[in-house]
Amino acid sequence: MSIIKRAKRMLALFAVNHFLSGTHFFGAKRVLLRFAGVEIGPDSKVVGPLYLGGVASLKLGDHVWLGRNASIDGNGSVEVGDWVDVGPSVSFGTGGHEIAGHGHRAGEGVIAHISVGSGTWIGQNTVIVNNTSIGRGVVVAGGAVVIGDTPDDVLVAGVPAKVKKEFD
């Protein structure tokens with residue numbers, strides 16, 4: 001990412017996080033987030049503050065609610081479908097390391113992609129990491145740690161998250 005793009009991103013996120021944070025000014029936040037390089041649907045709402053790592057990418061579909069203190073960290077990407085609700089303090093980890101040898105366990109860096117299917121509801125304080133795909137119509141219970149793919153129309157909970165219920 002060029003220095004100019006990075007500066008634009010930092011300024012736009014600063015305005016969203018320090019002047020417009022909360023459940024208001026959604027239109028202005030959408031404009032600023034687009035300026036920062038976020039793809040965001042016309043009726044999506046970001047509460048803020050939002051932490052978006054220096055080169056991580058974020059794509060929000062339409063009618064998405066992204067709760068306060070969302071965090072997208074790492075060098076990868078997060079793609080969220082339509083009609084998704086993301087509770088407060090949800091973390092998306094799009095980077096990490098391979099496990100290496102005894103002398104230094106954090107080995108070579110990896111970049112991850114996370115996708116969230118349309119109609120999904122992600123509860124507060126959830127952590128989603130690795131190359132993870134959450135299906136359509138999924139409920140992720142608050143506090144869950146999602147480290148792998150989930151099928152459509154299920155409730156997942158726990159650490160690590162496991163299917164607890166299937167929906168019709």
# chains A, B, ... in the order shown; residues from 1 in each chain; ligands from 1
>>> residues_around(residues="A:Ala106", least_positions_apart="3", cutoff="6 Å", atoms="only C-alpha atoms", output="tab-separated table (two decimals) with all heavy atoms, in the first residue's frame")
chain	number	residue	atom	x	y	z
A	97	HIS	N	1.27	-17.02	11.94
A	97	HIS	CA	2.55	-17.64	11.63
A	97	HIS	C	2.42	-19.15	11.61
A	97	HIS	O	1.60	-19.72	12.35
A	97	HIS	CB	3.61	-17.25	12.68
A	97	HIS	CG	3.92	-15.80	12.71
A	97	HIS	ND1	4.89	-15.25	11.91
A	97	HIS	CD2	3.37	-14.77	13.40
A	97	HIS	CE1	4.94	-13.95	12.12
A	97	HIS	NE2	4.03	-13.63	13.02
A	99	ILE	N	3.87	-22.75	12.69
A	99	ILE	CA	4.61	-23.17	13.87
A	99	ILE	C	5.98	-23.64	13.42
A	99	ILE	O	6.11	-24.48	12.54
A	99	ILE	CB	3.88	-24.28	14.63
A	99	ILE	CG1	2.53	-23.75	15.15
A	99	ILE	CG2	4.74	-24.80	15.79
A	99	ILE	CD1	1.67	-24.79	15.81
A	100	ALA	N	7.00	-23.07	14.04
A	100	ALA	CA	8.38	-23.38	13.65
A	100	ALA	C	9.06	-24.17	14.77
A	100	ALA	O	8.42	-24.67	15.68
A	100	ALA	CB	9.13	-22.10	13.34
>>> select_by_dssp(residues="chain A", states="strand (DSSP E)", output="PyMOL selection string")
chain A and resi 39-40+45-46+50-52+57-60+65-66+70-73+77-80+85-86+91-93+95-99+106-111+113-116+121-122+127-129+132-134+139-140+145-146+154-157+162-166
>>> select_by_dssp(residues="stretch 6-84 of chain A", states="helix (DSSP H, G or I)", output="ChimeraX atom specification")
/A:6-18,26-35
>>> residues_around(residues="stretch 60-68 of chain A", least_positions_apart="3", cutoff="9 Å", atoms="only C-alpha atoms", output="ChimeraX atom specification")
/A:21-22,38-50,78-90,118,124
>>> write_last_selection(atoms="C-alpha atoms", output="JSON list (two decimals), in the first residue's frame")
[["chain", "number", "residue", "atom", "x", "y", "z"],
["A", 21, "SER", "CA", -18.10, 6.91, 16.75],
["A", 22, "GLY", "CA", -21.47, 5.69, 18.01],
["A", 38, "VAL", "CA", -13.33, -0.19, 2.61],
["A", 39, "GLU", "CA", -16.01, -1.60, 0.31],
["A", 40, "ILE", "CA", -19.31, -0.98, 2.09],
["A", 41, "GLY", "CA", -22.93, -1.48, 1.05],
["A", 42, "PRO", "CA", -25.25, 1.53, 0.86],
["A", 43, "ASP", "CA", -27.31, 0.59, 3.92],
["A", 44, "SER", "CA", -24.55, -0.82, 6.10],
["A", 45, "LYS", "CA", -23.81, 0.71, 9.48],
["A", 46, "VAL", "CA", -20.47, 0.81, 11.29],
["A", 47, "VAL", "CA", -20.79, 1.88, 14.91],
["A", 48, "GLY", "CA", -17.08, 2.43, 15.54],
["A", 49, "PRO", "CA", -14.53, 2.68, 16.70],
["A", 50, "LEU", "CA", -13.14, 0.31, 14.09],
["A", 78, "VAL", "CA", -12.52, -10.01, 5.60],
["A", 79, "GLU", "CA", -15.60, -10.25, 3.38],
["A", 80, "VAL", "CA", -19.05, -9.99, 4.99],
["A", 81, "GLY", "CA", -22.27, -10.84, 3.12],
["A", 82, "ASP", "CA", -25.62, -9.03, 3.25],
["A", 83, "TRP", "CA", -27.87, -8.75, 6.31],
["A", 84, "VAL", "CA", -25.12, -9.67, 8.77],
["A", 85, "ASP", "CA", -25.06, -8.42, 12.36],
["A", 86, "VAL", "CA", -21.68, -8.30, 14.09],
["A", 87, "GLY", "CA", -21.80, -7.62, 17.82],
["A", 88, "PRO", "CA", -19.40, -5.45, 19.81],
["A", 89, "SER", "CA", -15.72, -6.28, 20.24],
["A", 90, "VAL", "CA", -15.50, -8.93, 17.53],
["A", 118, "SER", "CA", -25.32, -13.52, 4.40],
["A", 124, "GLN", "CA", -20.11, -10.10, 21.25]]
>>> residues_around(residues="A:Leu11", least_positions_apart="5", cutoff="9 Å", atoms="only C-alpha atoms", output="PyMOL selection string")
chain A and resi 6+16+32+36
>>> residues_around(residues="A:Lys164", least_positions_apart="2", cutoff="12 Å", atoms="only C-alpha atoms", output="MDAnalysis selection string")
chainID A and resid 138:141 144 150:151 153:158 160:162 166:167
>>> atom_distance(atom1="atom CA of A:Ala15", atom2="atom CA of A:Gly74")
21.7 Å
>>> closest_residue(among="A:Lys8, A:Ser71, A:Phe19, A:Asn131", to="A:Gly37", atoms="only C-alpha atoms")
A:Lys8
>>> atom_distance(atom1="atom CA of A:Ser77", atom2="atom CA of A:Gly101")
27.8 Å
>>> atom_distance(atom1="atom CA of A:Ala112", atom2="atom CA of A:Val31")
26.7 Å
>>> residues_around(residues="A:Asn75", least_positions_apart="6", cutoff="12 Å", atoms="only C-alpha atoms", output="list in words")
Met1, Leu52, Gly53, Gly54, Val55, Ala56, Ser57, Leu58, Phe92, Gly93, Thr94, Gly95, Gly96, His97, Gly109, Val110, Ile111, Ala112, His113, Ile114 and Asn130 of chain A
